[in-house]
file run.json (JSON, C-alpha atoms (C1' of nucleotides))
[["chain", "number", "residue", "atom", "x", "y", "z"],
["Q", 1, "MET", "CA", -10.21, 2.20, 33.34],
["Q", 2, "GLU", "CA", -11.97, -0.92, 34.61],
["Q", 3, "LEU", "CA", -13.55, -3.14, 31.99],
["Q", 4, "ASP", "CA", -16.35, -5.47, 32.96],
["Q", 5, "GLN", "CA", -17.85, -8.54, 31.33],
["Q", 6, "THR", "CA", -20.11, -6.45, 29.08],
["Q", 7, "ASP", "CA", -17.18, -4.42, 27.77],
["Q", 8, "PHE", "CA", -15.28, -7.58, 26.91],
["Q", 9, "GLN", "CA", -18.31, -9.06, 25.18],
["Q", 10, "ILE", "CA", -18.54, -5.90, 23.07],
["Q", 11, "LEU", "CA", -14.84, -6.02, 22.22],
["Q", 12, "SER", "CA", -15.12, -9.66, 21.36],
["Q", 13, "MET", "CA", -17.90, -9.02, 18.83],
["Q", 14, "LEU", "CA", -16.16, -6.01, 17.32],
["Q", 15, "GLN", "CA", -12.90, -7.84, 16.79],
["Q", 16, "ASP", "CA", -14.76, -10.39, 14.71],
["Q", 17, "ASP", "CA", -16.45, -7.65, 12.70],
["Q", 18, "GLY", "CA", -15.41, -4.04, 13.02],
["Q", 19, "LYS", "CA", -18.53, -2.95, 11.15],
["Q", 20, "CYS", "CA", -20.94, -4.69, 13.52],
["Q", 21, "SER", "CA", -23.75, -2.27, 14.47],
["Q", 22, "TYR", "CA", -24.54, -1.18, 18.02],
["Q", 23, "SER", "CA", -27.98, -2.76, 17.73],
["Q", 24, "LYS", "CA", -26.67, -6.11, 16.55],
["Q", 25, "ILE", "CA", -24.20, -6.20, 19.44],
["Q", 26, "ALA", "CA", -26.99, -5.19, 21.81],
["Q", 27, "ARG", "CA", -29.26, -8.00, 20.62],
["Q", 28, "ASN", "CA", -26.49, -10.56, 20.93],
["Q", 29, "ILE", "CA", -25.41, -9.75, 24.45],
["Q", 30, "GLY", "CA", -28.84, -8.80, 25.80],
["Q", 31, "VAL", "CA", -28.48, -5.10, 26.65],
["Q", 32, "SER", "CA", -29.94, -1.97, 25.08],
["Q", 33, "GLU", "CA", -28.46, -0.27, 22.04],
["Q", 34, "GLY", "CA", -27.80, 2.84, 24.15],
["Q", 35, "THR", "CA", -25.74, 0.82, 26.60],
["Q", 36, "VAL", "CA", -23.56, -0.56, 23.83],
["Q", 37, "ARG", "CA", -23.08, 2.91, 22.37],
["Q", 38, "GLY", "CA", -22.22, 4.35, 25.78],
["Q", 39, "ARG", "CA", -19.69, 1.63, 26.54],
["Q", 40, "ILE", "CA", -18.05, 1.96, 23.13],
["Q", 41, "ASN", "CA", -17.75, 5.73, 23.40],
["Q", 42, "LYS", "CA", -16.30, 5.44, 26.88],
["Q", 43, "MET", "CA", -13.75, 2.89, 25.72],
["Q", 44, "LEU", "CA", -12.85, 5.01, 22.69],
["Q", 45, "LYS", "CA", -12.33, 8.03, 24.94],
["Q", 46, "ASN", "CA", -10.10, 5.96, 27.21],
["Q", 47, "GLU", "CA", -8.21, 4.62, 24.18],
["Q", 48, "VAL", "CA", -9.03, 1.03, 24.99],
["Q", 49, "PHE", "CA", -9.47, 0.38, 21.28],
["Q", 50, "GLU", "CA", -9.95, 2.14, 17.96],
["Q", 51, "PHE", "CA", -11.81, 1.46, 14.74],
["Q", 52, "ILE", "CA", -9.35, 0.87, 11.92],
["Q", 53, "ILE", "CA", -8.99, -1.01, 8.68],
["Q", 54, "HIS", "CA", -6.30, -3.57, 8.05],
["Q", 55, "THR", "CA", -5.06, -3.34, 4.50],
["Q", 56, "ASN", "CA", -3.39, -6.41, 3.03],
["Q", 57, "PRO", "CA", 0.05, -5.05, 2.14],
["Q", 58, "TYR", "CA", 0.51, -7.44, -0.78],
["Q", 59, "LYS", "CA", -2.71, -6.27, -2.43],
["Q", 60, "ILE", "CA", -1.50, -2.69, -2.55],
["Q", 61, "GLY", "CA", 1.91, -3.51, -3.96],
["Q", 62, "LEU", "CA", 4.01, -3.86, -0.82],
["Q", 63, "HIS", "CA", 5.52, -7.25, -1.58],
["Q", 64, "VAL", "CA", 8.55, -7.23, 0.72],
["Q", 65, "GLN", "CA", 8.18, -7.35, 4.44],
["Q", 66, "ALA", "CA", 11.10, -7.22, 6.88],
["Q", 67, "ILE", "CA", 11.79, -7.32, 10.58],
["Q", 68, "ILE", "CA", 15.04, -5.54, 11.33],
["Q", 69, "GLY", "CA", 16.88, -5.79, 14.62],
["Q", 70, "LEU", "CA", 19.25, -2.96, 15.52],
["Q", 71, "GLU", "CA", 22.06, -2.90, 18.03],
["Q", 72, "THR", "CA", 22.63, 0.68, 19.10],
["Q", 73, "ARG", "CA", 25.15, 2.68, 21.09],
["Q", 74, "VAL", "CA", 24.09, 3.32, 24.70],
["Q", 75, "GLY", "CA", 21.82, 6.34, 24.93],
["Q", 76, "TYR", "CA", 21.03, 6.46, 21.21],
["Q", 77, "HIS", "CA", 17.66, 4.63, 21.39],
["Q", 78, "ASP", "CA", 15.43, 7.64, 21.37],
["Q", 79, "ALA", "CA", 17.26, 9.66, 18.74],
["Q", 80, "ILE", "CA", 17.32, 6.73, 16.31],
["Q", 81, "ALA", "CA", 13.67, 5.84, 16.90],
["Q", 82, "CYS", "CA", 12.64, 9.44, 16.27],
["Q", 83, "GLN", "CA", 14.54, 9.58, 13.01],
["Q", 84, "LEU", "CA", 12.91, 6.36, 11.81],
["Q", 85, "GLN", "CA", 9.40, 7.31, 12.91],
["Q", 86, "PRO", "CA", 8.37, 9.47, 9.93],
["Q", 87, "HIS", "CA", 9.35, 6.84, 7.35],
["Q", 88, "ARG", "CA", 6.37, 5.61, 5.35],
["Q", 89, "SER", "CA", 7.85, 2.12, 5.07],
["Q", 90, "VAL", "CA", 8.20, 1.66, 8.82],
["Q", 91, "ARG", "CA", 5.12, 0.20, 10.50],
["Q", 92, "PHE", "CA", 6.47, -0.66, 13.94],
["Q", 93, "ILE", "CA", 9.32, 0.54, 16.13],
["Q", 94, "GLY", "CA", 10.00, -0.71, 19.66],
["Q", 95, "ALA", "CA", 12.84, -0.60, 22.18],
["Q", 96, "PHE", "CA", 13.64, -4.04, 23.56],
["Q", 97, "SER", "CA", 15.73, -5.82, 26.12],
["Q", 98, "GLY", "CA", 17.54, -8.77, 24.61],
["Q", 99, "LYS", "CA", 19.91, -9.20, 21.69],
["Q", 100, "HIS", "CA", 18.48, -6.18, 19.83],
["Q", 101, "ASP", "CA", 18.01, -2.74, 21.29],
["Q", 102, "LEU", "CA", 15.53, -1.62, 18.67],
["Q", 103, "ILE", "CA", 13.33, -3.80, 16.49],
["Q", 104, "ILE", "CA", 11.43, -2.40, 13.52],
["Q", 105, "GLN", "CA", 8.96, -3.88, 11.07],
["Q", 106, "ALA", "CA", 8.73, -2.39, 7.60],
["Q", 107, "PHE", "CA", 7.02, -2.88, 4.23],
["Q", 108, "PHE", "CA", 8.59, -2.22, 0.84],
["Q", 109, "ARG", "CA", 7.46, -2.32, -2.78],
["Q", 110, "ASP", "CA", 10.37, -4.55, -3.77],
["Q", 111, "ASN", "CA", 13.81, -5.74, -2.72],
["Q", 112, "GLU", "CA", 15.41, -2.68, -4.20],
["Q", 113, "GLU", "CA", 13.43, -0.42, -1.86],
["Q", 114, "LEU", "CA", 14.49, -2.57, 1.11],
["Q", 115, "VAL", "CA", 18.15, -2.46, 0.10],
["Q", 116, "SER", "CA", 17.97, 1.28, -0.34],
["Q", 117, "PHE", "CA", 16.38, 1.61, 3.13],
["Q", 118, "VAL", "CA", 19.21, -0.36, 4.75],
["Q", 119, "ASP", "CA", 22.06, 1.12, 2.72],
["Q", 120, "GLN", "CA", 20.87, 4.72, 2.58],
["Q", 121, "THR", "CA", 18.51, 5.42, 5.46],
["Q", 122, "LEU", "CA", 19.88, 3.16, 8.20],
["Q", 123, "SER", "CA", 23.54, 3.59, 7.38],
["Q", 124, "GLY", "CA", 23.09, 7.35, 7.52],
["Q", 125, "ILE", "CA", 21.88, 7.29, 11.12],
["Q", 126, "GLU", "CA", 24.43, 7.81, 13.88],
["Q", 127, "GLY", "CA", 24.62, 5.36, 16.77],
["Q", 128, "ILE", "CA", 23.67, 2.16, 14.95],
["Q", 129, "ILE", "CA", 26.23, -0.57, 15.66],
["Q", 130, "SER", "CA", 24.74, -3.46, 13.77],
["Q", 131, "VAL", "CA", 21.75, -4.23, 11.57],
["Q", 132, "ASP", "CA", 20.09, -7.65, 11.44],
["Q", 133, "VAL", "CA", 17.74, -7.86, 8.47],
["Q", 134, "ASN", "CA", 15.16, -10.65, 8.31],
["Q", 135, "VAL", "CA", 13.01, -10.85, 5.18],
["Q", 136, "GLU", "CA", 9.63, -12.54, 5.47],
["Q", 137, "LEU", "CA", 9.20, -15.64, 3.36],
["Q", 138, "LYS", "CA", 5.82, -16.80, 4.59],
["Q", 139, "GLN", "CA", 3.22, -15.57, 7.03],
["Q", 140, "TYR", "CA", 1.53, -18.09, 9.29],
["Q", 141, "LYS", "CA", -0.48, -15.85, 11.59],
["Q", 142, "ASP", "CA", -1.26, -12.15, 11.81],
["Q", 143, "THR", "CA", -4.23, -11.54, 14.06],
["Q", 144, "PHE", "CA", -5.60, -8.52, 15.87],
["Q", 145, "SER", "CA", -8.02, -10.48, 18.02],
["Q", 146, "TYR", "CA", -6.52, -10.92, 21.43],
["Q", 147, "VAL", "CA", -9.56, -10.29, 23.59],
["Q", 148, "ASP", "CA", -10.80, -13.58, 25.04],
["U", 1, "MET", "CA", -7.33, -6.95, -8.55],
["U", 2, "GLU", "CA", -6.46, -3.55, -9.99],
["U", 3, "LEU", "CA", -6.94, -0.59, -7.67],
["U", 4, "ASP", "CA", -7.40, 2.85, -9.17],
["U", 5, "GLN", "CA", -7.12, 6.34, -7.75],
["U", 6, "THR", "CA", -10.66, 6.25, -6.31],
["U", 7, "ASP", "CA", -9.98, 3.02, -4.44],
["U", 8, "PHE", "CA", -6.84, 4.47, -2.88],
["U", 9, "GLN", "CA", -8.70, 7.63, -1.87],
["U", 10, "ILE", "CA", -11.31, 5.47, -0.14],
["U", 11, "LEU", "CA", -8.64, 3.41, 1.65],
["U", 12, "SER", "CA", -6.88, 6.56, 2.68],
["U", 13, "MET", "CA", -9.99, 7.97, 4.35],
["U", 14, "LEU", "CA", -10.86, 4.67, 6.01],
["U", 15, "GLN", "CA", -7.44, 4.22, 7.52],
["U", 16, "ASP", "CA", -7.81, 7.57, 9.23],
["U", 17, "ASP", "CA", -11.25, 6.59, 10.52],
["U", 18, "GLY", "CA", -12.53, 3.05, 10.20],
["U", 19, "LYS", "CA", -16.04, 4.25, 11.09],
["U", 20, "CYS", "CA", -16.23, 6.86, 8.34],
["U", 21, "SER", "CA", -19.58, 6.56, 6.51],
["U", 22, "TYR", "CA", -19.98, 5.80, 2.81],
["U", 23, "SER", "CA", -21.69, 9.14, 2.31],
["U", 24, "LYS", "CA", -18.98, 11.13, 4.05],
["U", 25, "ILE", "CA", -16.32, 9.45, 1.92],
["U", 26, "ALA", "CA", -18.45, 10.10, -1.18],
["U", 27, "ARG", "CA", -18.79, 13.81, -0.40],
["U", 28, "ASN", "CA", -15.06, 14.12, 0.24],
["U", 29, "ILE", "CA", -13.84, 12.50, -2.94],
["U", 30, "GLY", "CA", -16.64, 13.68, -5.23],
["U", 31, "VAL", "CA", -18.43, 10.47, -6.26],
["U", 32, "SER", "CA", -21.82, 9.05, -5.33],
["U", 33, "GLU", "CA", -22.44, 7.09, -2.17],
["U", 34, "GLY", "CA", -23.31, 4.02, -4.25],
["U", 35, "THR", "CA", -19.94, 4.12, -5.94],
["U", 36, "VAL", "CA", -18.12, 4.18, -2.61],
["U", 37, "ARG", "CA", -20.23, 1.28, -1.38],
["U", 38, "GLY", "CA", -19.60, -0.71, -4.53],
["U", 39, "ARG", "CA", -15.85, -0.15, -4.38],
["U", 40, "ILE", "CA", -15.67, -1.06, -0.69],
["U", 41, "ASN", "CA", -17.66, -4.26, -1.16],
["U", 42, "LYS", "CA", -15.52, -5.25, -4.11],
["U", 43, "MET", "CA", -12.32, -4.65, -2.14],
["U", 44, "LEU", "CA", -13.68, -6.58, 0.83],
["U", 45, "LYS", "CA", -14.56, -9.50, -1.43],
["U", 46, "ASN", "CA", -11.06, -9.41, -2.89],
["U", 47, "GLU", "CA", -9.57, -9.23, 0.62],
["U", 48, "VAL", "CA", -7.81, -5.95, -0.09],
["U", 49, "PHE", "CA", -8.69, -4.82, 3.43],
["U", 50, "GLU", "CA", -10.96, -5.64, 6.36],
["U", 51, "PHE", "CA", -12.78, -3.67, 9.02],
["U", 52, "ILE", "CA", -11.32, -4.46, 12.43],
["U", 53, "ILE", "CA", -10.67, -2.90, 15.79],
["U", 54, "HIS", "CA", -7.25, -2.48, 17.32],
["U", 55, "THR", "CA", -7.35, -3.10, 21.05],
["U", 56, "ASN", "CA", -4.62, -1.55, 23.16],
["U", 57, "PRO", "CA", -3.06, -4.62, 24.78],
["U", 58, "TYR", "CA", -2.03, -2.74, 27.92],
["U", 59, "LYS", "CA", -5.59, -1.59, 28.58],
["U", 60, "ILE", "CA", -6.85, -5.15, 28.66],
["U", 61, "GLY", "CA", -4.16, -6.44, 30.97],
["U", 62, "LEU", "CA", -1.53, -7.68, 28.52],
["U", 63, "HIS", "CA", 1.44, -5.83, 29.97],
["U", 64, "VAL", "CA", 4.32, -7.86, 28.54],
["U", 65, "GLN", "CA", 5.05, -7.86, 24.84],
["U", 66, "ALA", "CA", 7.81, -9.93, 23.25],
["U", 67, "ILE", "CA", 9.33, -10.60, 19.87],
["U", 68, "ILE", "CA", 10.91, -14.02, 19.83],
["U", 69, "GLY", "CA", 13.31, -15.22, 17.15],
["U", 70, "LEU", "CA", 13.62, -18.96, 16.65],
["U", 71, "GLU", "CA", 16.34, -20.93, 14.94],
["U", 72, "THR", "CA", 14.89, -24.21, 13.75],
["U", 73, "ARG", "CA", 16.12, -27.48, 12.29],
["U", 74, "VAL", "CA", 15.84, -27.66, 8.52],
["U", 75, "GLY", "CA", 12.37, -28.72, 7.45],
["U", 76, "TYR", "CA", 10.74, -28.02, 10.81],
["U", 77, "HIS", "CA", 9.34, -24.54, 9.93],
["U", 78, "ASP", "CA", 5.85, -25.60, 9.13],
["U", 79, "ALA", "CA", 5.36, -28.07, 11.93],
["U", 80, "ILE", "CA", 6.55, -25.58, 14.54],
["U", 81, "ALA", "CA", 4.45, -22.74, 13.13],
["U", 82, "CYS", "CA", 1.36, -24.91, 13.15],
["U", 83, "GLN", "CA", 1.88, -25.88, 16.77],
["U", 84, "LEU", "CA", 2.27, -22.24, 17.78],
["U", 85, "GLN", "CA", -0.67, -20.98, 15.75],
["U", 86, "PRO", "CA", -3.49, -21.82, 18.16],
["U", 87, "HIS", "CA", -1.85, -20.11, 21.12],
["U", 88, "ARG", "CA", -3.88, -17.17, 22.38],
["U", 89, "SER", "CA", -0.73, -15.26, 23.34],
["U", 90, "VAL", "CA", 0.77, -15.43, 19.87],
["U", 91, "ARG", "CA", -0.25, -12.54, 17.59],
["U", 92, "PHE", "CA", 2.15, -12.99, 14.69],
["U", 93, "ILE", "CA", 4.15, -15.85, 13.20],
["U", 94, "GLY", "CA", 6.32, -15.57, 10.10],
["U", 95, "ALA", "CA", 9.05, -17.57, 8.40],
["U", 96, "PHE", "CA", 12.06, -15.43, 7.56],
["U", 97, "SER", "CA", 15.38, -15.50, 5.79],
["U", 98, "GLY", "CA", 18.13, -14.12, 7.97],
["U", 99, "LYS", "CA", 19.45, -14.95, 11.41],
["U", 100, "HIS", "CA", 16.09, -16.32, 12.57],
["U", 101, "ASP", "CA", 14.03, -18.91, 10.75],
["U", 102, "LEU", "CA", 10.81, -18.08, 12.53],
["U", 103, "ILE", "CA", 9.89, -14.84, 14.27],
["U", 104, "ILE", "CA", 6.86, -14.55, 16.52],
["U", 105, "GLN", "CA", 5.27, -11.68, 18.36],
["U", 106, "ALA", "CA", 3.29, -12.42, 21.51],
["U", 107, "PHE", "CA", 1.44, -10.70, 24.37],
["U", 108, "PHE", "CA", 1.38, -11.88, 27.98],
["U", 109, "ARG", "CA", -0.35, -10.80, 31.19],
["U", 110, "ASP", "CA", 2.94, -10.70, 33.08],
["U", 111, "ASN", "CA", 6.53, -11.92, 33.05],
["U", 112, "GLU", "CA", 5.53, -15.19, 34.61],
["U", 113, "GLU", "CA", 3.27, -15.98, 31.68],
["U", 114, "LEU", "CA", 6.12, -15.18, 29.27],
["U", 115, "VAL", "CA", 8.58, -17.38, 31.15],
["U", 116, "SER", "CA", 6.08, -20.20, 31.21],
["U", 117, "PHE", "CA", 5.56, -19.80, 27.44],
["U", 118, "VAL", "CA", 9.29, -20.08, 26.77],
["U", 119, "ASP", "CA", 10.04, -22.81, 29.33],
["U", 120, "GLN", "CA", 6.96, -24.93, 28.85],
["U", 121, "THR", "CA", 5.48, -24.31, 25.42],
["U", 122, "LEU", "CA", 8.57, -23.59, 23.32],
["U", 123, "SER", "CA", 10.87, -26.07, 25.01],
["U", 124, "GLY", "CA", 8.30, -28.77, 24.44],
["U", 125, "ILE", "CA", 8.33, -28.31, 20.66],
["U", 126, "GLU", "CA", 10.65, -30.50, 18.62],
["U", 127, "GLY", "CA", 13.01, -28.92, 16.10],
["U", 128, "ILE", "CA", 13.75, -25.64, 17.87],
["U", 129, "ILE", "CA", 17.52, -25.09, 18.08],
["U", 130, "SER", "CA", 17.64, -21.70, 19.79],
["U", 131, "VAL", "CA", 15.28, -19.12, 21.21],
["U", 132, "ASP", "CA", 16.05, -15.39, 21.18],
["U", 133, "VAL", "CA", 13.63, -13.56, 23.47],
["U", 134, "ASN", "CA", 13.29, -9.77, 23.20],
["U", 135, "VAL", "CA", 11.00, -8.05, 25.68],
["U", 136, "GLU", "CA", 9.52, -4.71, 24.68],
["U", 137, "LEU", "CA", 10.52, -1.81, 26.91],
["U", 138, "LYS", "CA", 8.96, 1.03, 24.95],
["U", 139, "GLN", "CA", 6.88, 1.43, 21.82],
["U", 140, "TYR", "CA", 7.68, 4.24, 19.42],
["U", 141, "LYS", "CA", 5.40, 3.49, 16.51],
["U", 142, "ASP", "CA", 2.64, 1.00, 15.75],
["U", 143, "THR", "CA", 0.61, 2.10, 12.77],
["U", 144, "PHE", "CA", -1.76, 0.38, 10.39],
["U", 145, "SER", "CA", -1.86, 3.19, 7.85],
["U", 146, "TYR", "CA", 0.40, 2.33, 4.97],
["U", 147, "VAL", "CA", -1.71, 3.47, 2.07],
["U", 148, "ASP", "CA", -0.29, 6.67, 0.60],
["Y", 1, "DT", "C1'", -34.60, 2.87, 29.21],
["Y", 2, "DA", "C1'", -37.56, 4.68, 25.62],
["Y", 3, "DT", "C1'", -38.78, 7.69, 21.83],
["Y", 4, "DG", "C1'", -38.33, 10.15, 17.53],
["Y", 5, "DA", "C1'", -35.91, 12.90, 14.30],
["Y", 6, "DA", "C1'", -31.73, 12.82, 11.51],
["Y", 7, "DA", "C1'", -28.41, 10.24, 9.23],
["Y", 8, "DG", "C1'", -26.76, 6.24, 7.08],
["Y", 9, "DT", "C1'", -27.26, 1.86, 4.52],
["Y", 10, "DT", "C1'", -29.02, -1.15, 1.01],
["Y", 11, "DG", "C1'", -31.07, -2.92, -3.15],
["Y", 12, "DC", "C1'", -33.03, -1.43, -7.09],
["Y", 13, "DT", "C1'", -33.45, 0.91, -11.65],
["Y", 14, "DC", "C1'", -31.81, 3.96, -15.08],
["Y", 15, "DC", "C1'", -28.22, 6.27, -17.68],
["Y", 16, "DT", "C1'", -23.85, 6.70, -19.93],
["Y", 17, "DT", "C1'", -19.63, 4.69, -21.86],
["H", 1, "DA", "C1'", -21.39, -5.33, -20.16],
["H", 2, "DA", "C1'", -19.48, -2.17, -16.53],
["H", 3, "DG", "C1'", -19.48, 1.53, -13.63],
["H", 4, "DG", "C1'", -21.66, 5.56, -11.79],
["H", 5, "DA", "C1'", -25.89, 8.25, -10.33],
["H", 6, "DG", "C1'", -30.52, 8.54, -8.23],
["H", 7, "DC", "C1'", -34.38, 6.91, -5.63],
["H", 8, "DA", "C1'", -37.22, 4.75, -1.84],
["H", 9, "DA", "C1'", -37.55, 1.45, 1.98],
["H", 10, "DC", "C1'", -35.28, 0.12, 5.81],
["H", 11, "DT", "C1'", -31.88, 0.33, 9.73],
["H", 12, "DT", "C1'", -28.95, 2.66, 12.79],
["H", 13, "DT", "C1'", -27.56, 6.46, 15.44],
["H", 14, "DC", "C1'", -27.94, 9.86, 18.96],
["H", 15, "DA", "C1'", -30.00, 13.57, 21.72],
["H", 16, "DT", "C1'", -33.83, 14.22, 24.62],
["H", 17, "DA", "C1'", -36.72, 13.22, 28.20]]

call {"tool": "encode", "arguments": {"input": "run.json", "output": "structure tokens"}}
result
Amino acid sequence: MELDQTDFQILSMLQDDGKCSYSKIARNIGVSEGTVRGRINKMLKNEVFEFIIHTNPYKIGLHVQAIIGLETRVGYHDAIACQLQPHRSVRFIGAFSGKHDLIIQAFFRDNEELVSFVDQTLSGIEGIISVDVNVELKQYKDTFSYVD
Amino acid sequence: MELDQTDFQILSMLQDDGKCSYSKIARNIGVSEGTVRGRINKMLKNEVFEFIIHTNPYKIGLHVQAIIGLETRVGYHDAIACQLQPHRSVRFIGAFSGKHDLIIQAFFRDNEELVSFVDQTLSGIEGIISVDVNVELKQYKDTFSYVD
DNA sequence: TATGAAAGTTGCTCCTT
DNA sequence: AAGGAGCAACTTTCATA
């Protein structure tokens, strides 16, 4: 799908305020409300973006955040990723080129839950050679606005 | 701020559909529309969550995604993080305990932009001892729904 | 692009605890 | 007080032409 200037202007306003109304966007960028609605629906259909909420993990009791790098046996990527996928704690899973074959990001209630994840869940999965656990101490930036 | 069952039910519905109306939520969980509105506004004020959009980076031309681990000289965390913060490409910056002192996640238009980021931007920052670049090959999971 | 009906939002008051 | 329900004015949405 080709996005033009108008589409990017719409995305830009929505990423500042996901609740911004069609009419407010329309007024700001000088097109009709129907145009904004049409563009948004087209982009939603093409999965250019989606309306979501971002919950602050700390405020709902998830105090421990970790990024875990995994070294895996050749050909075990997919199987491991699929086993990790359903876990509530796991927010992100990606296959990478570099030192780690798989990198995951996960949230836990406390350190105990993290330890149990590493010692029980991860150690029970076949094909994992090494586990590199990094626990977040401080967050400097966490943005979802990457449209210019 | 203390969240009760009603708050979690509201969050749960919103994380499935960020555009869900107050009245639809109200009907579904059996309280009045005003109650839903009040709870949402209170949570927004307390920064429990925010309404945003999640743009698919690929669809807007950001084809290269990387997670970069940095080893830094003692005491240089903050200064480095602050220098990286304003960069458009950088989505996430965190200080960690573990093999890497800082971990960042960034999006680029192409490999050239990534290389230029590492060779120009990162190498120009004082206090960075080593750079561990991991380029994403495949994404298995990327969710924002971590309310039960 | 424009119109109008249907739906949603908002601020208010009133009630219950 | 605090939180939930109910009401009326206003705004937004969305199908139709």

call {"tool": "residues_near_point", "arguments": {"input": "run.json", "point": "(-4.0, -6.1, 27.1)", "cutoff": "9 Å", "atoms": "only C-alpha atoms (C1' of nucleotides)", "output": "number ranges by chain"}}
result
Q: 48, 146-147; U: 55-64, 107-109

call {"tool": "atom_distance", "arguments": {"input": "run.json", "atom1": "C1' of DA7 (chain Y)", "atom2": "C1' of DC10 (chain H)"}}
result
12.7 Å

call {"tool": "closest_residue", "arguments": {"input": "run.json", "among": "U:Ser89, U:Ser145, U:Gly127, U:Val36", "to": "Asp17 (chain U)", "atoms": "all atoms listed in the file"}}
result
U:Ser145

call {"tool": "interface_residues", "arguments": {"input": "run.json", "of": "chain Y", "to": "chain Q", "cutoff": "12 Å", "atoms": "all atoms listed in the file", "output": "list in words"}}
result
DT1, DA2, DG8 and DT9 of chain Y

call {"tool": "residues_around", "arguments": {"input": "run.json", "residues": "DC12 (chain Y)", "least_positions_apart": "4", "cutoff": "12 Å", "atoms": "all atoms listed in the file", "output": "VMD selection string"}}
result
(chain U and resid 34) or (chain H and resid 6 to 9)

call {"tool": "write_last_selection", "arguments": {"input": "run.json", "atoms": "C-alpha atoms (C1' of nucleotides)", "output": "PDB file, keeping the file's coordinate frame"}}
result
ATOM      1  CA  GLY U  34     -23.310   4.020  -4.250  1.00  0.00           C
TER       2      GLY U  34
ATOM      3  C1'  DG H   6     -30.520   8.540  -8.230  1.00  0.00           C
ATOM      4  C1'  DC H   7     -34.380   6.910  -5.630  1.00  0.00           C
ATOM      5  C1'  DA H   8     -37.220   4.750  -1.840  1.00  0.00           C
ATOM      6  C1'  DA H   9     -37.550   1.450   1.980  1.00  0.00           C
TER       7       DA H   9
END

call {"tool": "closest_atom_pairs", "arguments": {"input": "run.json", "of": "chain H", "to": "chain Q", "cutoff": "9 Å", "atoms": "all atoms listed in the file", "output": "Markdown table"}}
result
| residue | atom | partner | partner_atom | distance |
| --- | --- | --- | --- | --- |
| H:DT12 | C1' | Q:Ser21 | CA | 7.4 |
| H:DT13 | C1' | Q:Tyr22 | CA | 8.6 |
| H:DC14 | C1' | Q:Gly34 | CA | 8.7 |

call {"tool": "interface_residues", "arguments": {"input": "run.json", "of": "chain U", "to": "chain Q", "cutoff": "7 Å", "atoms": "only C-alpha atoms", "output": "number ranges by chain"}}
result
U: 14-15, 17-19, 48-56, 59, 81, 85, 88, 91-99, 133-144, 146

call {"tool": "atom_distance", "arguments": {"input": "run.json", "atom1": "CA of Leu122 (chain Q)", "atom2": "CA of Thr72 (chain Q)"}}
result
11.5 Å

call {"tool": "atom_distance", "arguments": {"input": "run.json", "atom1": "CA of Ser123 (chain U)", "atom2": "CA of Asp110 (chain U)"}}
result
19.1 Å

call {"tool": "residues_around", "arguments": {"input": "run.json", "residues": "DG3 (chain H)", "least_positions_apart": "3", "cutoff": "10 Å", "atoms": "only C-alpha atoms (C1' of nucleotides)", "output": "count of residues only"}}
result
4
